[in-house]
$ cat my_file.cif   # mmCIF, C-alpha atoms
data_coords
loop_
_atom_site.group_PDB
_atom_site.id
_atom_site.type_symbol
_atom_site.label_atom_id
_atom_site.label_comp_id
_atom_site.auth_asym_id
_atom_site.auth_seq_id
_atom_site.Cartn_x
_atom_site.Cartn_y
_atom_site.Cartn_z
ATOM 1 C CA MET A 11 0.000 0.000 0.000
ATOM 2 C CA GLY A 12 2.977 2.279 -0.500
ATOM 3 C CA THR A 13 1.224 4.016 -3.398
ATOM 4 C CA PHE A 14 -1.765 6.287 -3.757
ATOM 5 C CA GLN A 15 -3.734 3.519 -5.509
ATOM 6 C CA GLY A 16 -2.835 1.050 -2.765
ATOM 7 C CA HIS A 17 -4.468 3.315 -0.176
ATOM 8 C CA VAL A 18 -7.506 4.309 -2.241
ATOM 9 C CA LEU A 19 -8.726 0.722 -2.849
ATOM 10 C CA PRO A 20 -9.328 -0.173 0.821
ATOM 11 C CA ALA A 21 -10.488 3.413 1.451
ATOM 12 C CA ALA A 22 -13.260 2.937 -1.111
ATOM 13 C CA PHE A 23 -14.313 -0.244 0.705
ATOM 14 C CA PHE A 24 -14.553 1.497 4.088
ATOM 15 C CA ILE A 25 -16.244 4.636 2.768
ATOM 16 C CA GLY A 26 -18.724 2.709 0.617
ATOM 17 C CA PHE A 27 -19.878 0.289 3.300
ATOM 18 C CA SER A 28 -20.009 2.806 6.153
ATOM 19 C CA ALA A 29 -21.880 5.341 3.999
ATOM 20 C CA LEU A 30 -24.386 2.669 2.927
ATOM 21 C CA PHE A 31 -25.099 1.591 6.511
ATOM 22 C CA LEU A 32 -25.310 5.195 7.738
ATOM 23 C CA CYS A 33 -27.700 6.226 4.947
ATOM 24 C CA HIS A 34 -29.895 3.209 5.661
ATOM 25 C CA THR A 35 -29.981 4.120 9.370
ATOM 26 C CA LEU A 36 -30.966 7.706 8.536
ATOM 27 C CA TYR A 37 -33.659 6.464 6.156
ATOM 28 C CA GLN A 38 -35.096 4.178 8.821
ATOM 29 C CA ALA A 39 -34.990 7.000 11.382
ATOM 30 C CA TYR A 40 -37.000 9.206 9.019
ATOM 31 C CA HIS A 41 -39.655 6.521 8.446
ATOM 32 C CA LEU A 42 -39.693 5.194 12.007
ATOM 33 C CA PRO A 43 -43.280 4.713 13.248
ATOM 34 C CA PRO A 44 -44.261 6.198 16.643
ATOM 35 C CA GLY A 45 -43.168 4.073 19.573
ATOM 36 C CA ALA A 46 -40.799 1.917 17.438
ATOM 37 C CA CYS A 47 -37.152 1.357 18.367
ATOM 38 C CA LEU A 48 -34.583 2.365 15.730
ATOM 39 C CA SER A 49 -32.150 -0.342 16.872
ATOM 40 C CA ASP A 50 -34.621 -2.951 15.581
ATOM 41 C CA HIS A 51 -34.628 -1.438 12.085
ATOM 42 C CA VAL A 52 -30.899 -1.024 11.291
ATOM 43 C CA LEU A 53 -29.394 -2.893 8.357
ATOM 44 C CA ASP A 54 -28.056 -5.883 10.287
ATOM 45 C CA ARG A 55 -31.648 -6.554 11.379
ATOM 46 C CA LYS A 56 -32.770 -6.918 7.727
ATOM 47 C CA PRO A 57 -31.643 -10.474 6.769
ATOM 48 C CA SER A 58 -32.365 -10.302 3.033
ATOM 49 C CA GLN A 59 -30.621 -6.967 2.431
ATOM 50 C CA PHE A 60 -27.827 -7.853 4.859
ATOM 51 C CA ARG A 61 -27.119 -11.085 2.958
ATOM 52 C CA LYS A 62 -26.843 -9.330 -0.406
ATOM 53 C CA ILE A 63 -24.380 -6.780 0.989
ATOM 54 C CA ALA A 64 -22.384 -9.589 2.618
ATOM 55 C CA ILE A 65 -22.084 -11.506 -0.667
ATOM 56 C CA PHE A 66 -20.943 -8.358 -2.474
ATOM 57 C CA GLY A 67 -18.421 -7.672 0.306
ATOM 58 C CA LEU A 68 -17.106 -11.230 0.165
ATOM 59 C CA VAL A 69 -16.558 -10.978 -3.587
ATOM 60 C CA ALA A 70 -14.837 -7.588 -3.171
ATOM 61 C CA THR A 71 -12.457 -8.846 -0.480
ATOM 62 C CA VAL A 72 -11.594 -12.008 -2.429
ATOM 63 C CA ILE A 73 -10.770 -9.810 -5.447
ATOM 64 C CA GLY A 74 -8.548 -7.733 -3.134
ATOM 65 C CA ILE A 75 -6.695 -10.852 -1.960
ATOM 66 C CA LEU A 76 -6.165 -12.044 -5.540
ATOM 67 C CA TYR A 77 -5.094 -8.548 -6.657
ATOM 68 C CA GLU A 78 -2.404 -8.335 -3.967
ATOM 69 C CA GLY A 79 -1.325 -11.960 -4.475
ATOM 70 C CA LEU A 80 -1.023 -11.740 -8.239
ATOM 71 C CA ASN A 81 0.887 -8.465 -7.964
ATOM 72 C CA GLY A 82 3.438 -10.248 -5.793
ATOM 73 C CA LEU A 83 3.460 -13.291 -8.045
ATOM 74 C CA PHE A 84 4.263 -11.314 -11.182
ATOM 75 C CA ASP A 85 6.655 -8.876 -9.502
ATOM 76 C CA ILE A 86 9.795 -10.798 -10.413
ATOM 77 C CA ASN A 87 12.088 -7.901 -9.486
ATOM 78 C CA GLY A 88 10.494 -7.343 -6.060
ATOM 79 C CA ASP A 89 12.223 -7.797 -2.719
ATOM 80 C CA HIS A 90 10.717 -11.272 -2.320
ATOM 81 C CA GLY A 91 10.904 -12.332 -5.959
ATOM 82 C CA SER A 92 7.898 -14.036 -7.529
ATOM 83 C CA ASN A 93 5.808 -14.809 -4.449
ATOM 84 C CA PHE A 94 2.035 -14.845 -4.029
ATOM 85 C CA PHE A 95 2.491 -13.887 -0.372
ATOM 86 C CA ALA A 96 4.901 -11.012 -1.014
ATOM 87 C CA ASN A 97 2.153 -8.602 0.100
ATOM 88 C CA ILE A 98 1.058 -10.761 3.020
ATOM 89 C CA THR A 99 0.204 -7.747 5.214
ATOM 90 C CA HIS A 100 -2.279 -6.423 2.663
ATOM 91 C CA GLU A 101 -3.701 -9.897 2.089
ATOM 92 C CA VAL A 102 -4.293 -10.468 5.817
ATOM 93 C CA LEU A 103 -6.193 -7.153 5.907
ATOM 94 C CA TYR A 104 -8.543 -8.375 3.179
ATOM 95 C CA ILE A 105 -8.799 -11.834 4.793
ATOM 96 C CA ALA A 106 -9.925 -10.218 8.070
ATOM 97 C CA PHE A 107 -12.851 -8.541 6.336
ATOM 98 C CA SER A 108 -13.610 -11.664 4.289
ATOM 99 C CA PHE A 109 -14.120 -13.298 7.671
ATOM 100 C CA VAL A 110 -16.539 -10.488 8.603
ATOM 101 C CA THR A 111 -18.577 -10.955 5.408
ATOM 102 C CA MET A 112 -18.812 -14.715 6.015
ATOM 103 C CA ILE A 113 -20.137 -14.054 9.526
ATOM 104 C CA MET A 114 -22.605 -11.598 7.951
ATOM 105 C CA ILE A 115 -23.879 -14.333 5.629
ATOM 106 C CA MET A 116 -24.226 -16.800 8.510
ATOM 107 C CA GLU A 117 -26.006 -14.238 10.699
ATOM 108 C CA SER A 118 -28.425 -13.337 7.904
ATOM 109 C CA ASN A 119 -29.269 -17.064 7.650
ATOM 110 C CA ARG A 120 -29.598 -17.313 11.455
ATOM 111 C CA ARG A 121 -26.696 -19.777 11.735
ATOM 112 C CA VAL A 122 -24.932 -17.709 14.393
ATOM 113 C CA PRO A 123 -26.330 -15.532 17.230
ATOM 114 C CA GLN A 124 -27.507 -12.005 16.548
ATOM 115 C CA ASN A 125 -24.798 -9.318 16.793
ATOM 116 C CA SER A 126 -22.102 -11.810 15.697
ATOM 117 C CA THR A 127 -21.174 -9.471 12.841
ATOM 118 C CA ARG A 128 -20.470 -6.659 15.299
ATOM 119 C CA LEU A 129 -18.180 -8.977 17.266
ATOM 120 C CA ALA A 130 -16.504 -10.032 14.006
ATOM 121 C CA LEU A 131 -15.888 -6.366 13.184
ATOM 122 C CA CYS A 132 -14.370 -5.964 16.643
ATOM 123 C CA VAL A 133 -11.879 -8.754 15.854
ATOM 124 C CA ALA A 134 -11.201 -7.471 12.313
ATOM 125 C CA PHE A 135 -10.429 -3.941 13.513
ATOM 126 C CA LEU A 136 -8.141 -5.314 16.220
ATOM 127 C CA VAL A 137 -6.264 -7.252 13.526
ATOM 128 C CA GLU A 138 -6.195 -4.110 11.391
ATOM 129 C CA TYR A 139 -4.759 -2.125 14.313
ATOM 130 C CA ILE A 140 -1.889 -4.602 14.663
ATOM 131 C CA LEU A 141 -1.206 -4.505 10.909
ATOM 132 C CA TRP A 142 -1.327 -0.704 10.602
ATOM 133 C CA TYR A 143 0.792 -0.169 13.701
ATOM 134 C CA GLY A 144 3.457 -2.533 12.360
ATOM 135 C CA HIS A 145 3.215 -0.780 9.003
ATOM 136 C CA ALA A 146 3.628 2.603 10.718
ATOM 137 C CA LEU A 147 6.886 1.510 12.381
ATOM 138 C CA MET A 148 8.416 1.114 8.922
ATOM 139 C CA LYS A 149 7.694 4.784 8.165
ATOM 140 C CA TYR A 150 9.361 7.932 9.421
ATOM 141 C CA GLY A 151 8.467 11.559 10.123
ATOM 142 C CA ALA A 152 4.969 12.762 9.301
ATOM 143 C CA ASN A 153 4.193 9.560 7.390
ATOM 144 C CA LEU A 154 4.764 7.544 10.556
ATOM 145 C CA LYS A 155 2.383 9.822 12.455
ATOM 146 C CA VAL A 156 -0.300 9.479 9.759
ATOM 147 C CA HIS A 157 -0.238 5.681 9.993
ATOM 148 C CA VAL A 158 -0.109 5.623 13.815
ATOM 149 C CA LEU A 159 -3.302 7.728 13.879
ATOM 150 C CA LEU A 160 -4.864 5.274 11.427
ATOM 151 C CA ALA A 161 -3.898 2.352 13.670
ATOM 152 C CA GLN A 162 -5.309 4.111 16.732
ATOM 153 C CA THR A 163 -8.573 4.742 14.880
ATOM 154 C CA CYS A 164 -8.814 1.005 14.207
ATOM 155 C CA LEU A 165 -8.246 0.225 17.888
ATOM 156 C CA VAL A 166 -10.989 2.637 18.961
ATOM 157 C CA SER A 167 -13.282 1.143 16.279
ATOM 158 C CA SER A 168 -12.693 -2.317 17.745
ATOM 159 C CA VAL A 169 -13.735 -1.125 21.212
ATOM 160 C CA VAL A 170 -16.805 0.733 19.895
ATOM 161 C CA PHE A 171 -18.091 -2.298 17.959
ATOM 162 C CA LEU A 172 -17.582 -4.427 21.074
ATOM 163 C CA VAL A 173 -19.826 -1.945 22.927
ATOM 164 C CA ALA A 174 -22.341 -2.047 20.039
ATOM 165 C CA ALA A 175 -22.431 -5.854 20.279
ATOM 166 C CA THR A 176 -22.739 -5.828 24.081
ATOM 167 C CA TYR A 177 -25.468 -3.179 24.044
ATOM 168 C CA PRO A 178 -27.344 -3.802 20.761
ATOM 169 C CA LYS A 179 -30.065 -1.292 21.666
ATOM 170 C CA SER A 180 -27.514 1.530 21.647
ATOM 171 C CA VAL A 181 -27.901 3.229 18.278
ATOM 172 C CA THR A 182 -25.252 5.725 19.394
ATOM 173 C CA ALA A 183 -22.583 3.010 19.620
ATOM 174 C CA TYR A 184 -23.692 1.542 16.277
ATOM 175 C CA VAL A 185 -23.538 4.906 14.475
ATOM 176 C CA ALA A 186 -20.245 5.817 16.193
ATOM 177 C CA GLY A 187 -18.701 2.589 14.860
ATOM 178 C CA LEU A 188 -19.856 3.403 11.332
ATOM 179 C CA CYS A 189 -18.494 6.955 11.625
ATOM 180 C CA LEU A 190 -15.121 5.576 12.713
ATOM 181 C CA MET A 191 -15.152 3.255 9.705
ATOM 182 C CA LEU A 192 -15.854 6.281 7.512
ATOM 183 C CA LEU A 193 -12.984 8.118 9.222
ATOM 184 C CA GLN A 194 -10.671 5.233 8.379
ATOM 185 C CA GLY A 195 -11.640 5.548 4.734
ATOM 186 C CA THR A 196 -11.089 9.295 4.498
ATOM 187 C CA TRP A 197 -7.826 9.110 6.451
ATOM 188 C CA LEU A 198 -6.604 6.282 4.196
ATOM 189 C CA ILE A 199 -7.071 8.626 1.249
ATOM 190 C CA GLN A 200 -5.095 11.264 3.154
ATOM 191 C CA ALA A 201 -2.354 8.681 3.738
ATOM 192 C CA GLY A 202 -2.374 7.932 0.007
ATOM 193 C CA ILE A 203 -2.087 11.628 -0.851
ATOM 194 C CA ASN A 204 0.826 11.767 1.572
ATOM 195 C CA GLU A 205 2.656 9.269 -0.668
ATOM 196 C CA LEU A 206 2.537 11.666 -3.633
ATOM 197 C CA ASP A 207 5.543 13.875 -4.297
ATOM 198 C CA GLY A 208 5.038 17.403 -3.029
ATOM 199 C CA ARG A 209 1.677 16.585 -1.387
ATOM 200 C CA ASP A 210 2.916 15.186 1.911
ATOM 201 C CA LEU A 211 1.974 16.798 5.217
ATOM 202 C CA ASN A 212 4.549 18.031 7.701
ATOM 203 C CA MET A 213 4.567 16.988 11.369
ATOM 204 C CA HIS A 214 2.714 20.122 12.446
ATOM 205 C CA GLN A 215 -0.135 19.575 9.964
ATOM 206 C CA VAL A 216 -0.928 15.907 10.618
ATOM 207 C CA ASP A 217 -2.895 16.347 13.867
ATOM 208 C CA SER A 218 -4.765 19.374 12.503
ATOM 209 C CA PHE A 219 -5.827 17.550 9.327
ATOM 210 C CA PHE A 220 -6.885 14.498 11.346
ATOM 211 C CA CYS A 221 -9.081 16.694 13.559
ATOM 212 C CA LEU A 222 -10.560 18.295 10.433
ATOM 213 C CA HIS A 223 -11.523 14.837 9.152
ATOM 214 C CA ILE A 224 -13.228 14.057 12.478
ATOM 215 C CA LEU A 225 -15.081 17.379 12.593
ATOM 216 C CA ALA A 226 -16.197 17.109 8.955
ATOM 217 C CA ILE A 227 -17.695 13.634 9.504
ATOM 218 C CA VAL A 228 -19.391 14.629 12.770
ATOM 219 C CA PHE A 229 -20.777 17.788 11.150
ATOM 220 C CA VAL A 230 -22.199 15.971 8.104
ATOM 221 C CA VAL A 231 -23.740 13.178 10.204
ATOM 222 C CA SER A 232 -25.192 15.712 12.669
ATOM 223 C CA ILE A 233 -26.791 17.770 9.880
ATOM 224 C CA ALA A 234 -28.190 14.617 8.246
ATOM 225 C CA THR A 235 -29.579 13.466 11.606
ATOM 226 C CA ALA A 236 -31.204 16.852 12.195
ATOM 227 C CA CYS A 237 -32.892 16.599 8.776
ATOM 228 C CA VAL A 238 -34.491 13.204 9.429
ATOM 229 C CA TYR A 239 -34.957 13.133 13.201
ATOM 230 C CA THR A 240 -38.447 13.423 14.639
ATOM 231 C CA ASP A 241 -39.197 13.154 18.327
ATOM 232 C CA THR A 242 -41.827 10.394 18.473
ATOM 233 C CA THR A 243 -41.727 10.028 22.245
ATOM 234 C CA GLY A 244 -44.627 12.410 22.762
ATOM 235 C CA GLU A 245 -46.666 10.736 20.042
ATOM 236 C CA GLY A 246 -46.101 7.380 21.684
ATOM 237 C CA ASP A 247 -47.279 8.735 25.022
ATOM 238 C CA ILE A 248 -50.397 10.173 23.375
ATOM 239 C CA LEU A 249 -51.172 6.836 21.721
ATOM 240 C CA ARG A 250 -50.717 4.993 24.982
ATOM 241 C CA ALA A 251 -52.880 7.559 26.785
ATOM 242 C CA GLU A 252 -55.597 7.198 24.154
ATOM 243 C CA LYS A 253 -55.527 3.418 24.434
ATOM 244 C CA GLY A 254 -55.643 3.705 28.204
ATOM 245 C CA GLY A 255 -58.596 6.087 27.928
ATOM 246 C CA GLU A 256 -60.498 3.674 25.709
ATOM 247 C CA GLN A 257 -59.892 0.839 28.149
ATOM 248 C CA TYR A 258 -61.044 3.049 31.024
ATOM 249 C CA GLU A 259 -64.249 3.926 29.165
ATOM 250 C CA GLN A 260 -64.900 0.267 28.405
ATOM 251 C CA VAL A 261 -64.413 -0.665 32.046
ATOM 252 C CA THR A 262 -66.681 2.187 33.156
ATOM 253 C CA VAL A 263 -69.444 1.187 30.712
ATOM 254 C CA CYS A 264 -69.260 -2.460 31.753
ATOM 255 C CA THR A 265 -69.410 -1.492 35.404
ATOM 256 C CA ALA A 266 -72.470 0.700 34.798
ATOM 257 C CA VAL A 267 -74.276 -2.077 32.942
ATOM 258 C CA GLU A 268 -73.518 -4.551 35.714
ATOM 259 C CA SER A 269 -74.863 -2.081 38.312
ATOM 260 C CA GLU A 270 -78.122 -1.654 36.375
ATOM 261 C CA ASP A 271 -78.530 -5.425 36.133
ATOM 262 C CA GLU A 272 -77.994 -5.800 39.859
ATOM 263 C CA GLU A 273 -80.615 -3.106 40.626
ATOM 264 C CA SER A 274 -83.220 -4.678 38.305
ATOM 265 C CA ALA A 275 -82.589 -8.028 39.893
#

$ encode --input "my_file.cif" --output "structure tokens"
Amino acid sequence: MGTFQGHVLPAAFFIGFSALFLCHTLYQAYHLPPGACLSDHVLDRKPSQFRKIAIFGLVATVIGILYEGLNGLFDINGDHGSNFFANITHEVLYIAFSFVTMIMIMESNRRVPQNSTRLALCVAFLVEYILWYGHALMKYGANLKVHVLLAQTCLVSSVVFLVAATYPKSVTAYVAGLCLMLLQGTWLIQAGINELDGRDLNMHQVDSFFCLHILAIVFVVSIATACVYTDTTGEGDILRAEKGGEQYEQVTVCTAVESEDEESA
């Protein structure tokens, strides 16, 4: 991944999938009926759609493995000669997310417990943290800092998806995990730009640009949430009150009828 293209390919994967899941969550929030729980309507609770995305993701990651392997196999002049596993670090990254997509397929077919995909993402991001941190140690200067921040983002993502799996009703944890995945994608592109001649950041700029990425994602997601969010709590209370009122009226009417019967008797 020492080239711009090598960073953009996995970045597209992260941005595409996180954006899809976030947009679906926003769509469901907009169409959420009164009294319903949004956590029951997110994408990993829709087996048919979830399965299709998983199959597409599995194909994409397998293509990534073959792409990296064949590059190493035909790179006769490389450091490792002609070797399918010359880019083993990149291949393990794709294998980790192939594992996630297989768990997605099994969960959509109810072959594993619910929330297994979130736990699989926790493991995959932990693996990714180890890979990126090791990759960062081979860099120097600002480039090292860029990749350390990427590794740390993966570690935080792993923790957040563990929370999302432990507390599946927490939409906040679920959305935070997706936002971190989106951050990984945008920061991967930044890391790729950093590989271009004359486009690299200096040590002073790295932290500032990273914070800008965070703020931009939070701002966009916040604005999108504000556009679709509707407070249905009050409506739910009104519906419950109305139902309670109807039951009270029915009880009152029945009691009155019984009293009349008793008097006539």

$ closest_residue --input "my_file.cif" --among "A:Thr176, A:Thr111, A:Ser218, A:Asn212" --to "Phe60 in chain A" --atoms "only C-alpha atoms"
A:Thr111

$ resolve_selection --input "my_file.cif" --expression "the PyMOL selection byres ((chain A and resi 200) around 10)" --output "PyMOL selection string"
chain A and resi 14+17-18+21+156+194-199+201-205+209-211+216+219-220+223

$ residues_near_point --input "my_file.cif" --point "(-24.7, 0.9, 20.0)" --cutoff "9 Å" --atoms "only C-alpha atoms" --output "PyMOL selection string"
chain A and resi 49+170-187

$ resolve_selection --input "my_file.cif" --expression "the PyMOL selection byres ((chain A and resi 140-144) around 9)" --output "PyMOL selection string"
chain A and resi 99-100+102-103+135-139+145-148+157-162+164-165

$ residues_around --input "my_file.cif" --residues "range 23-32 of chain A" --least-positions-apart "4" --cutoff "9 Å" --atoms "all atoms listed in the file" --output "list in words"
Val18, Leu19, Leu36, Tyr37, Val52, Leu53, Asp54, Ile63, Gly67, Ala70, Thr71, Val185, Gly187, Leu188, Cys189, Leu190, Met191, Leu192, Leu193, Gln194, Gly195, Thr196 and Val231 of chain A

$ atom_distance --input "my_file.cif" --atom1 "CA of Leu42 in chain A" --atom2 "CA of Arg120 in chain A"
24.7 Å
